[in-house]
file structure_11.cif (mmCIF, C-alpha atoms; chains and numbers go by the auth columns)
data_target
loop_
_atom_site.group_PDB
_atom_site.id
_atom_site.type_symbol
_atom_site.label_atom_id
_atom_site.label_comp_id
_atom_site.label_asym_id
_atom_site.label_seq_id
_atom_site.Cartn_x
_atom_site.Cartn_y
_atom_site.Cartn_z
_atom_site.B_iso_or_equiv
_atom_site.auth_seq_id
_atom_site.auth_asym_id
ATOM 1 C CA MET A 1 3.082 60.058 44.886 0.00 25 A
ATOM 2 C CA SER A 2 2.755 59.887 41.089 0.00 26 A
ATOM 3 C CA ALA A 3 -0.631 60.154 39.392 0.00 27 A
ATOM 4 C CA ARG A 4 0.014 56.615 38.148 0.00 28 A
ATOM 5 C CA GLU A 5 0.589 55.143 41.615 0.00 29 A
ATOM 6 C CA THR A 6 -2.450 57.057 42.896 0.00 30 A
ATOM 7 C CA ALA A 7 -4.551 55.431 40.154 0.00 31 A
ATOM 8 C CA LEU A 8 -3.151 51.920 40.715 0.00 32 A
ATOM 9 C CA ALA A 9 -3.560 52.156 44.485 0.00 33 A
ATOM 10 C CA ALA A 10 -7.143 53.383 44.002 0.00 34 A
ATOM 11 C CA LEU A 11 -7.852 50.453 41.675 0.00 35 A
ATOM 12 C CA PHE A 12 -6.535 48.034 44.290 0.00 36 A
ATOM 13 C CA THR A 13 -8.731 49.692 46.927 0.00 37 A
ATOM 14 C CA VAL A 14 -11.763 49.183 44.668 0.00 38 A
ATOM 15 C CA LEU A 15 -10.786 45.527 44.071 0.00 39 A
ATOM 16 C CA GLY A 16 -10.650 45.177 47.866 0.00 40 A
ATOM 17 C CA GLY A 17 -14.444 45.539 47.844 0.00 41 A
ATOM 18 C CA VAL A 18 -14.847 42.304 45.824 0.00 42 A
ATOM 19 C CA ALA A 19 -16.146 39.751 48.311 0.00 43 A
ATOM 20 C CA GLY A 20 -14.880 36.213 48.761 0.00 44 A
ATOM 21 C CA ALA A 21 -11.526 36.258 47.016 0.00 45 A
ATOM 22 C CA THR A 22 -8.045 36.910 48.359 0.00 46 A
ATOM 23 C CA LYS A 23 -6.721 40.124 46.801 0.00 47 A
ATOM 24 C CA LEU A 24 -3.018 40.745 46.146 0.00 48 A
ATOM 25 C CA ARG A 25 -1.052 43.364 44.245 0.00 49 A
ATOM 26 C CA ASN A 26 1.992 42.300 42.186 0.00 50 A
ATOM 27 C CA ALA A 27 2.349 38.975 44.020 0.00 51 A
ATOM 28 C CA ALA A 28 5.760 37.494 43.187 0.00 52 A
ATOM 29 C CA GLN A 29 5.775 34.189 45.055 0.00 53 A
ATOM 30 C CA PRO A 30 3.639 31.137 44.237 0.00 54 A
ATOM 31 C CA GLU A 31 0.301 31.275 46.030 0.00 55 A
ATOM 32 C CA VAL A 32 -2.023 28.541 47.240 0.00 56 A
ATOM 33 C CA LEU A 33 -5.454 28.945 45.615 0.00 57 A
ATOM 34 C CA PRO A 34 -7.945 29.930 48.366 0.00 58 A
ATOM 35 C CA ALA A 35 -11.471 28.468 48.314 0.00 59 A
ATOM 36 C CA GLY A 36 -12.973 31.843 47.413 0.00 60 A
ATOM 37 C CA GLY A 37 -10.556 32.426 44.541 0.00 61 A
ATOM 38 C CA LEU A 38 -7.562 34.650 44.013 0.00 62 A
ATOM 39 C CA VAL A 39 -7.393 38.149 42.498 0.00 63 A
ATOM 40 C CA ILE A 40 -3.971 39.582 41.634 0.00 64 A
ATOM 41 C CA GLN A 41 -3.524 43.092 40.311 0.00 65 A
ATOM 42 C CA ARG A 42 -0.514 43.586 38.020 0.00 66 A
ATOM 43 C CA ASP A 43 0.448 47.234 37.533 0.00 67 A
ATOM 44 C CA GLY A 44 0.807 46.912 33.750 0.00 68 A
ATOM 45 C CA ASN A 45 1.987 49.649 31.394 0.00 69 A
ATOM 46 C CA GLN A 46 1.078 52.991 29.925 0.00 70 A
ATOM 47 C CA THR A 47 -0.566 52.496 26.538 0.00 71 A
ATOM 48 C CA ASP A 48 -1.108 56.079 25.360 0.00 72 A
ATOM 49 C CA GLU A 49 -0.303 59.682 26.201 0.00 73 A
ATOM 50 C CA GLU A 50 -1.422 63.021 24.865 0.00 74 A
ATOM 51 C CA ALA A 51 0.307 66.299 25.619 0.00 75 A
ATOM 52 C CA VAL A 52 -1.778 69.359 26.542 0.00 76 A
ATOM 53 C CA PHE A 53 -0.083 72.790 26.693 0.00 77 A
ATOM 54 C CA SER A 54 -0.568 75.867 28.905 0.00 78 A
ATOM 55 C CA PRO A 55 -0.232 74.517 31.412 0.00 79 A
ATOM 56 C CA LEU A 56 1.760 71.451 30.334 0.00 80 A
ATOM 57 C CA MET A 57 -0.135 68.266 31.163 0.00 81 A
ATOM 58 C CA PHE A 58 -0.308 64.749 29.846 0.00 82 A
ATOM 59 C CA ASN A 59 -3.504 62.783 29.447 0.00 83 A
ATOM 60 C CA ILE A 60 -2.312 59.257 30.223 0.00 84 A
ATOM 61 C CA THR A 61 -3.943 55.954 29.370 0.00 85 A
ATOM 62 C CA HIS A 62 -2.580 53.159 31.511 0.00 86 A
ATOM 63 C CA GLN A 63 -3.538 49.511 31.347 0.00 87 A
ATOM 64 C CA ALA A 64 -3.404 47.461 34.541 0.00 88 A
ATOM 65 C CA GLU A 65 -4.028 43.706 34.430 0.00 89 A
ATOM 66 C CA VAL A 66 -6.248 41.947 36.944 0.00 90 A
ATOM 67 C CA GLU A 67 -5.692 38.183 37.091 0.00 91 A
ATOM 68 C CA VAL A 68 -8.474 36.058 38.553 0.00 92 A
ATOM 69 C CA MET A 69 -8.111 32.389 39.506 0.00 93 A
ATOM 70 C CA ALA A 70 -10.735 30.018 40.870 0.00 94 A
ATOM 71 C CA ALA A 71 -11.463 26.323 41.285 0.00 95 A
ATOM 72 C CA SER A 72 -14.669 26.378 39.220 0.00 96 A
ATOM 73 C CA GLU A 73 -16.117 28.225 36.234 0.00 97 A
ATOM 74 C CA ALA A 74 -18.964 29.549 38.414 0.00 98 A
ATOM 75 C CA THR A 75 -16.621 31.055 41.033 0.00 99 A
ATOM 76 C CA LEU A 76 -14.454 32.587 38.301 0.00 100 A
ATOM 77 C CA ASP A 77 -17.479 34.099 36.587 0.00 101 A
ATOM 78 C CA ALA A 78 -18.857 35.511 39.845 0.00 102 A
ATOM 79 C CA LEU A 79 -15.500 37.198 40.535 0.00 103 A
ATOM 80 C CA LEU A 80 -15.303 38.639 36.999 0.00 104 A
ATOM 81 C CA VAL A 81 -18.833 40.036 37.336 0.00 105 A
ATOM 82 C CA ALA A 82 -18.028 41.485 40.782 0.00 106 A
ATOM 83 C CA ILE A 83 -14.829 43.155 39.532 0.00 107 A
ATOM 84 C CA ALA A 84 -16.585 44.644 36.501 0.00 108 A
ATOM 85 C CA ALA A 85 -19.419 45.888 38.729 0.00 109 A
ATOM 86 C CA ALA A 86 -17.012 47.428 41.268 0.00 110 A
ATOM 87 C CA VAL A 87 -15.181 49.392 38.542 0.00 111 A
ATOM 88 C CA THR A 88 -18.398 50.385 36.743 0.00 112 A
ATOM 89 C CA ALA A 89 -19.937 51.660 39.970 0.00 113 A
ATOM 90 C CA ASN A 90 -16.908 53.849 40.683 0.00 114 A
ATOM 91 C CA ARG A 91 -15.432 54.904 37.355 0.00 115 A
ATOM 92 C CA SER A 92 -13.397 57.715 38.907 0.00 116 A
ATOM 93 C CA LEU A 93 -11.956 55.281 41.483 0.00 117 A
ATOM 94 C CA SER A 94 -13.049 57.758 44.179 0.00 118 A
ATOM 95 C CA GLY A 95 -11.471 60.704 42.325 0.00 119 A
ATOM 96 C CA ALA A 96 -8.064 59.124 41.524 0.00 120 A
ATOM 97 C CA VAL A 97 -8.670 58.933 37.750 0.00 121 A
ATOM 98 C CA SER A 98 -10.905 60.614 35.194 0.00 122 A
ATOM 99 C CA PHE A 99 -12.138 57.289 33.832 0.00 123 A
ATOM 100 C CA ALA A 100 -11.662 53.592 34.627 0.00 124 A
ATOM 101 C CA HIS A 101 -12.937 50.772 32.449 0.00 125 A
ATOM 102 C CA ALA A 102 -12.746 46.980 32.765 0.00 126 A
ATOM 103 C CA GLU A 103 -12.135 45.361 29.365 0.00 127 A
ATOM 104 C CA ALA A 104 -13.138 41.896 28.116 0.00 128 A
ATOM 105 C CA PRO A 105 -11.434 39.004 29.931 0.00 129 A
ATOM 106 C CA GLN A 106 -8.996 36.543 28.364 0.00 130 A
ATOM 107 C CA TYR A 107 -9.393 33.004 29.636 0.00 131 A
ATOM 108 C CA THR A 108 -7.015 30.149 30.234 0.00 132 A
ATOM 109 C CA MET A 109 -7.287 26.829 32.039 0.00 133 A
ATOM 110 C CA VAL A 110 -4.430 25.461 34.093 0.00 134 A
ATOM 111 C CA ASP A 111 -4.230 21.709 34.365 0.00 135 A
ATOM 112 C CA LEU A 112 -1.753 19.546 36.199 0.00 136 A
ATOM 113 C CA ASP A 113 -1.468 15.760 36.494 0.00 137 A
ATOM 114 C CA GLY A 114 -3.081 14.635 39.727 0.00 138 A
ATOM 115 C CA ALA A 115 -4.678 17.982 40.652 0.00 139 A
ATOM 116 C CA ALA A 116 -8.041 19.628 40.016 0.00 140 A
ATOM 117 C CA PRO A 117 -7.966 22.201 37.199 0.00 141 A
ATOM 118 C CA VAL A 118 -7.741 25.929 37.864 0.00 142 A
ATOM 119 C CA PHE A 119 -9.870 28.344 35.857 0.00 143 A
ATOM 120 C CA ALA A 120 -8.143 31.644 35.229 0.00 144 A
ATOM 121 C CA ALA A 121 -8.933 34.890 33.469 0.00 145 A
ATOM 122 C CA GLN A 122 -7.200 38.200 32.994 0.00 146 A
ATOM 123 C CA ILE A 123 -9.097 41.495 32.782 0.00 147 A
ATOM 124 C CA PRO A 124 -7.273 44.509 31.376 0.00 148 A
ATOM 125 C CA VAL A 125 -8.391 47.615 33.273 0.00 149 A
ATOM 126 C CA THR A 126 -7.911 50.892 31.419 0.00 150 A
ATOM 127 C CA LEU A 127 -7.144 53.892 33.620 0.00 151 A
ATOM 128 C CA MET A 128 -7.245 57.449 32.233 0.00 152 A
ATOM 129 C CA PHE A 129 -5.721 60.229 34.288 0.00 153 A
ATOM 130 C CA THR A 130 -3.720 63.445 33.981 0.00 154 A
ATOM 131 C CA ALA A 131 -0.082 63.913 34.930 0.00 155 A
ATOM 132 C CA THR A 132 1.494 67.364 35.242 0.00 156 A
ATOM 133 C CA GLY A 133 5.041 68.149 34.001 0.00 157 A
ATOM 134 C CA SER A 134 5.959 64.676 32.719 0.00 158 A
ATOM 135 C CA PRO A 135 4.225 61.353 32.042 0.00 159 A
ATOM 136 C CA ALA A 136 6.584 59.887 34.643 0.00 160 A
ATOM 137 C CA SER A 137 5.372 62.214 37.383 0.00 161 A
ATOM 138 C CA MET B 1 9.950 -11.517 32.209 0.00 26 B
ATOM 139 C CA THR B 2 12.443 -8.761 31.630 0.00 27 B
ATOM 140 C CA ALA B 3 14.799 -7.247 34.207 0.00 28 B
ATOM 141 C CA PHE B 4 12.369 -4.332 34.501 0.00 29 B
ATOM 142 C CA ASP B 5 9.487 -6.663 35.379 0.00 30 B
ATOM 143 C CA ASP B 6 11.646 -8.265 38.076 0.00 31 B
ATOM 144 C CA ALA B 7 12.636 -4.867 39.449 0.00 32 B
ATOM 145 C CA ASP B 8 9.006 -3.658 39.462 0.00 33 B
ATOM 146 C CA ALA B 9 7.903 -6.859 41.217 0.00 34 B
ATOM 147 C CA LEU B 10 10.439 -6.262 43.989 0.00 35 B
ATOM 148 C CA LEU B 11 9.675 -2.528 44.353 0.00 36 B
ATOM 149 C CA PHE B 12 5.902 -3.022 44.456 0.00 37 B
ATOM 150 C CA ALA B 13 6.275 -5.825 47.019 0.00 38 B
ATOM 151 C CA ASP B 14 8.376 -3.605 49.308 0.00 39 B
ATOM 152 C CA ALA B 15 6.392 -2.337 52.311 0.00 40 B
ATOM 153 C CA ASN B 16 8.297 0.978 52.324 0.00 41 B
ATOM 154 C CA MET B 17 7.713 1.732 48.654 0.00 42 B
ATOM 155 C CA ALA B 18 4.197 0.544 47.936 0.00 43 B
ATOM 156 C CA VAL B 19 0.893 0.062 49.743 0.00 44 B
ATOM 157 C CA GLY B 20 -1.943 -2.360 49.211 0.00 45 B
ATOM 158 C CA ALA B 21 -5.002 -1.039 47.379 0.00 46 B
ATOM 159 C CA VAL B 22 -8.220 -2.333 45.870 0.00 47 B
ATOM 160 C CA TRP B 23 -8.957 -1.313 42.271 0.00 48 B
ATOM 161 C CA LYS B 24 -12.618 -1.198 41.252 0.00 49 B
ATOM 162 C CA ASN B 25 -13.703 -0.954 37.603 0.00 50 B
ATOM 163 C CA GLN B 26 -15.794 2.266 37.463 0.00 51 B
ATOM 164 C CA GLY B 27 -15.981 2.151 41.271 0.00 52 B
ATOM 165 C CA ALA B 28 -18.266 -0.884 41.313 0.00 53 B
ATOM 166 C CA GLY B 29 -17.967 -4.533 42.216 0.00 54 B
ATOM 167 C CA ALA B 30 -15.792 -6.392 44.674 0.00 55 B
ATOM 168 C CA GLY B 31 -12.605 -5.046 43.139 0.00 56 B
ATOM 169 C CA THR B 32 -9.123 -6.455 42.607 0.00 57 B
ATOM 170 C CA ALA B 33 -6.319 -6.247 45.156 0.00 58 B
ATOM 171 C CA CYS B 34 -3.114 -4.636 43.904 0.00 59 B
ATOM 172 C CA ARG B 35 -0.012 -2.815 45.096 0.00 60 B
ATOM 173 C CA VAL B 36 0.426 0.902 44.332 0.00 61 B
ATOM 174 C CA ILE B 37 3.198 3.470 44.768 0.00 62 B
ATOM 175 C CA ARG B 38 1.746 6.845 45.743 0.00 63 B
ATOM 176 C CA ALA B 39 3.218 10.280 45.075 0.00 64 B
ATOM 177 C CA ARG B 40 1.716 13.474 46.498 0.00 65 B
ATOM 178 C CA PRO B 41 4.006 16.402 45.723 0.00 66 B
ATOM 179 C CA ASP B 42 2.913 20.044 45.804 0.00 67 B
ATOM 180 C CA LEU B 43 3.699 21.471 42.365 0.00 68 B
ATOM 181 C CA THR B 44 3.561 24.976 40.942 0.00 69 B
ATOM 182 C CA VAL B 45 1.701 25.924 37.767 0.00 70 B
ATOM 183 C CA GLU B 46 1.717 29.169 35.818 0.00 71 B
ATOM 184 C CA ALA B 47 -1.405 31.136 34.966 0.00 72 B
ATOM 185 C CA PHE B 48 -0.732 34.429 33.154 0.00 73 B
ATOM 186 C CA GLY B 49 1.987 36.054 35.269 0.00 74 B
ATOM 187 C CA SER B 50 1.165 34.214 38.470 0.00 75 B
ATOM 188 C CA SER B 51 2.320 30.958 40.011 0.00 76 B
ATOM 189 C CA LEU B 52 0.011 28.713 41.973 0.00 77 B
ATOM 190 C CA ILE B 53 0.943 25.927 44.372 0.00 78 B
ATOM 191 C CA ARG B 54 -1.249 22.890 43.778 0.00 79 B
ATOM 192 C CA ALA B 55 -1.444 19.674 45.788 0.00 80 B
ATOM 193 C CA THR B 56 -1.209 16.725 43.396 0.00 81 B
ATOM 194 C CA GLU B 57 -2.030 13.062 43.878 0.00 82 B
ATOM 195 C CA THR B 58 -0.764 10.361 41.524 0.00 83 B
ATOM 196 C CA LEU B 59 0.003 6.677 41.830 0.00 84 B
ATOM 197 C CA LEU B 60 1.757 3.907 39.920 0.00 85 B
ATOM 198 C CA VAL B 61 0.252 0.456 39.480 0.00 86 B
ATOM 199 C CA ARG B 62 1.636 -2.525 37.540 0.00 87 B
ATOM 200 C CA VAL B 63 -0.068 -3.458 34.277 0.00 88 B
ATOM 201 C CA ALA B 64 0.669 -7.068 35.327 0.00 89 B
ATOM 202 C CA GLU B 65 -1.838 -6.579 38.185 0.00 90 B
ATOM 203 C CA ILE B 66 -4.409 -4.250 36.598 0.00 91 B
ATOM 204 C CA VAL B 67 -4.614 -4.607 32.838 0.00 92 B
ATOM 205 C CA THR B 68 -6.786 -1.597 32.096 0.00 93 B
ATOM 206 C CA VAL B 69 -7.207 1.555 34.178 0.00 94 B
ATOM 207 C CA THR B 70 -9.668 4.116 32.857 0.00 95 B
ATOM 208 C CA LYS B 71 -11.235 7.388 34.018 0.00 96 B
ATOM 209 C CA GLY B 72 -13.873 6.740 36.682 0.00 97 B
ATOM 210 C CA ASP B 73 -12.180 3.688 38.195 0.00 98 B
ATOM 211 C CA THR B 74 -11.367 3.898 41.887 0.00 99 B
ATOM 212 C CA PHE B 75 -8.480 2.827 44.087 0.00 100 B
ATOM 213 C CA THR B 76 -9.323 2.200 47.743 0.00 101 B
ATOM 214 C CA ILE B 77 -6.366 2.595 50.062 0.00 102 B
ATOM 215 C CA GLY B 78 -7.390 1.971 53.669 0.00 103 B
ATOM 216 C CA ALA B 79 -10.413 4.248 54.200 0.00 104 B
ATOM 217 C CA GLU B 80 -9.571 6.507 51.229 0.00 105 B
ATOM 218 C CA VAL B 81 -11.382 6.123 47.919 0.00 106 B
ATOM 219 C CA LEU B 82 -9.463 7.791 45.094 0.00 107 B
ATOM 220 C CA ALA B 83 -11.172 8.318 41.733 0.00 108 B
ATOM 221 C CA VAL B 84 -9.113 8.100 38.555 0.00 109 B
ATOM 222 C CA LYS B 85 -9.086 11.285 36.453 0.00 110 B
ATOM 223 C CA ALA B 86 -6.647 10.004 33.840 0.00 111 B
ATOM 224 C CA ALA B 87 -4.295 7.076 33.344 0.00 112 B
ATOM 225 C CA GLN B 88 -1.435 6.481 30.921 0.00 113 B
ATOM 226 C CA ARG B 89 1.171 3.765 30.588 0.00 114 B
ATOM 227 C CA ASP B 90 4.936 4.242 30.798 0.00 115 B
ATOM 228 C CA ALA B 91 7.429 3.675 27.976 0.00 116 B
ATOM 229 C CA LEU B 92 7.605 -0.104 28.475 0.00 117 B
ATOM 230 C CA LYS B 93 3.860 -0.415 29.121 0.00 118 B
ATOM 231 C CA ASN B 94 4.695 -2.049 32.467 0.00 119 B
ATOM 232 C CA LEU B 95 3.130 0.603 34.707 0.00 120 B
ATOM 233 C CA TRP B 96 0.022 2.762 34.765 0.00 121 B
ATOM 234 C CA GLU B 97 0.689 6.360 35.766 0.00 122 B
ATOM 235 C CA VAL B 98 -2.629 7.371 37.319 0.00 123 B
ATOM 236 C CA SER B 99 -3.806 10.946 38.025 0.00 124 B
ATOM 237 C CA LEU B 100 -6.283 11.161 40.886 0.00 125 B
#
call {"tool": "encode", "arguments": {"input": "structure_11.cif", "output": "structure tokens"}}
result
Amino acid sequence: MSARETALAALFTVLGGVAGATKLRNAAQPEVLPAGGLVIQRDGNQTDEEAVFSPLMFNITHQAEVEVMAASEATLDALLVAIAAAVTANRSLSGAVSFAHAEAPQYTMVDLDGAAPVFAAQIPVTLMFTATGSPAS
Amino acid sequence: MTAFDDADALLFADANMAVGAVWKNQGAGAGTACRVIRARPDLTVEAFGSSLIRATETLLVRVAEIVTVTKGDTFTIGAEVLAVKAAQRDALKNLWEVSL
């Protein structure tokens, strides 16, 4: 398994500890919003790399996106706080990365005629880890 | 009366298309009887990269029956009391399109 997939899987395991919400990774189909809220991890992209020689290694910075959706501002905020706390309490994601950091959320509100609004936010999660041989490995 | 008024009158009188309801201004008072056409589709909305399925509830009511529908009014259909979240009129100002 690549260092990247190890990191992303470890992040999803940590998100699994967030109580109340339904957690999904890379959900492709439309989902019904559960009462406790919905947390979807998107794998995201590498944002930076730095080569280190002898032996050849790459220090990778990867940004995953965690989308959070809830029926109220209070539920959304509680989930954002819980996600930030889960990452802060385990910055190595149980040894999968050298450093993990939850960034500031971006908010949006989803409204639809005849339905209650949905409050949504997206937290970029920065993952720093080392890959040997190639950034793709 | 235009042809559209006649058509609306027939559609809203039809037992298969419309149901009887009682509109109450801000949910209070005895209310006014009217006929409404309900629509309750599940629709999808986009939030960031994700799609959500949302149950929606809207209805149509004739301006000829209820002149003004505003946020906070209620429609009682049988035992259900539906509060108005928003209302807007159609192109001919013959119908209120009501979000519940």
call {"tool": "resolve_selection", "arguments": {"input": "structure_11.cif", "expression": "the PyMOL selection byres ((chain A) within 7 of (chain B))", "output": "list in words"}}
result
Gln53, Pro54, Glu55, Val56, Leu57, Val134, Asp137, Gly138, Ala139 and Ala144 of chain A
call {"tool": "residues_around", "arguments": {"input": "structure_11.cif", "residues": "Gly119 of chain A", "least_positions_apart": "6", "cutoff": "12 Å", "atoms": "all atoms listed in the file", "output": "list in words"}}
result
Ala27, Thr30, Ala31, Ala33, Ala34, Leu35, Val38, Leu151, Met152, Phe153 and Thr154 of chain A
call {"tool": "atom_distance", "arguments": {"input": "structure_11.cif", "atom1": "atom CA of Val88 of chain B", "atom2": "atom CA of Ala53 of chain B"}}
result
19.7 Å
call {"tool": "atom_distance", "arguments": {"input": "structure_11.cif", "atom1": "atom CA of Glu91 of chain A", "atom2": "atom CA of Gln146 of chain A"}}
result
4.4 Å
call {"tool": "resolve_selection", "arguments": {"input": "structure_11.cif", "expression": "the PyMOL selection byres ((chain A and resi 115) around 12)", "output": "PyMOL selection string"}}
result
chain A and resi 31+34-35+38+107-114+116-126+149-153
call {"tool": "resolve_selection", "arguments": {"input": "structure_11.cif", "expression": "the PyMOL selection byres ((chain A and resi 69) around 6)", "output": "PyMOL selection string"}}
result
chain A and resi 68+70+86-87
call {"tool": "residues_around", "arguments": {"input": "structure_11.cif", "residues": "Pro148 of chain A", "least_positions_apart": "5", "cutoff": "8 Å", "atoms": "only C-alpha atoms", "output": "ChimeraX atom specification"}}
result
/A:87-90,126-129
call {"tool": "closest_residue", "arguments": {"input": "structure_11.cif", "among": "B:Asn119, B:Thr57, B:Thr93, B:Asn50", "to": "Asp30 of chain B", "atoms": "all atoms listed in the file"}}
result
B:Asn119
call {"tool": "residues_near_point", "arguments": {"input": "structure_11.cif", "point": "(-10.5, 2.1, 38.0)", "cutoff": "8 Å", "atoms": "only C-alpha atoms", "output": "count of residues only"}}
result
15
call {"tool": "closest_residue", "arguments": {"input": "structure_11.cif", "among": "A:Val92, A:Pro159, A:Val142, A:Thr37", "to": "Asp72 of chain A", "atoms": "only C-alpha atoms"}}
result
A:Pro159
call {"tool": "closest_residue", "arguments": {"input": "structure_11.cif", "among": "A:Leu32, A:Gly40, A:Asn83, A:Gln65", "to": "Ala52 of chain A", "atoms": "all atoms listed in the file"}}
result
A:Gln65
call {"tool": "decode", "arguments": {"input": "structure_11.cif", "residues": "segment 52-59 of chain B", "atoms": "all heavy atoms", "output": "compact mmCIF listing (two decimals), in the first residue's frame"}}
result
# COMPACT_ATOMS: atom_id res chain seq x y z
N GLY B 52 -51.36 31.43 10.87
CA GLY B 52 -51.74 30.27 11.67
C GLY B 52 -52.87 30.52 12.65
O GLY B 52 -53.20 29.64 13.46
N ALA B 53 -53.48 31.71 12.59
CA ALA B 53 -54.51 32.04 13.58
C ALA B 53 -55.87 32.25 12.90
O ALA B 53 -55.95 32.44 11.69
CB ALA B 53 -54.11 33.32 14.33
N GLY B 54 -56.89 32.21 13.70
CA GLY B 54 -58.23 32.50 13.21
C GLY B 54 -58.93 31.27 12.68
O GLY B 54 -58.39 30.15 12.73
N ALA B 55 -60.12 31.47 12.16
CA ALA B 55 -60.94 30.37 11.67
C ALA B 55 -60.41 29.84 10.35
O ALA B 55 -60.59 28.68 10.02
CB ALA B 55 -62.39 30.82 11.52
N GLY B 56 -59.76 30.69 9.57
CA GLY B 56 -59.19 30.26 8.32
C GLY B 56 -60.15 30.34 7.16
O GLY B 56 -61.34 30.63 7.32
N THR B 57 -59.60 30.12 5.96
CA THR B 57 -60.37 30.19 4.72
C THR B 57 -60.19 28.87 3.98
O THR B 57 -59.06 28.40 3.81
CB THR B 57 -59.85 31.35 3.83
OG1 THR B 57 -59.83 32.54 4.61
CG2 THR B 57 -60.71 31.54 2.60
N ALA B 58 -61.30 28.27 3.56
CA ALA B 58 -61.21 27.02 2.80
C ALA B 58 -60.69 27.31 1.39
O ALA B 58 -61.01 28.34 0.80
CB ALA B 58 -62.58 26.36 2.74
N CYS B 59 -59.85 26.40 0.89
CA CYS B 59 -59.32 26.56 -0.46
C CYS B 59 -58.97 25.18 -1.02
O CYS B 59 -59.05 24.18 -0.30
CB CYS B 59 -58.09 27.47 -0.46
SG CYS B 59 -56.77 26.91 0.62
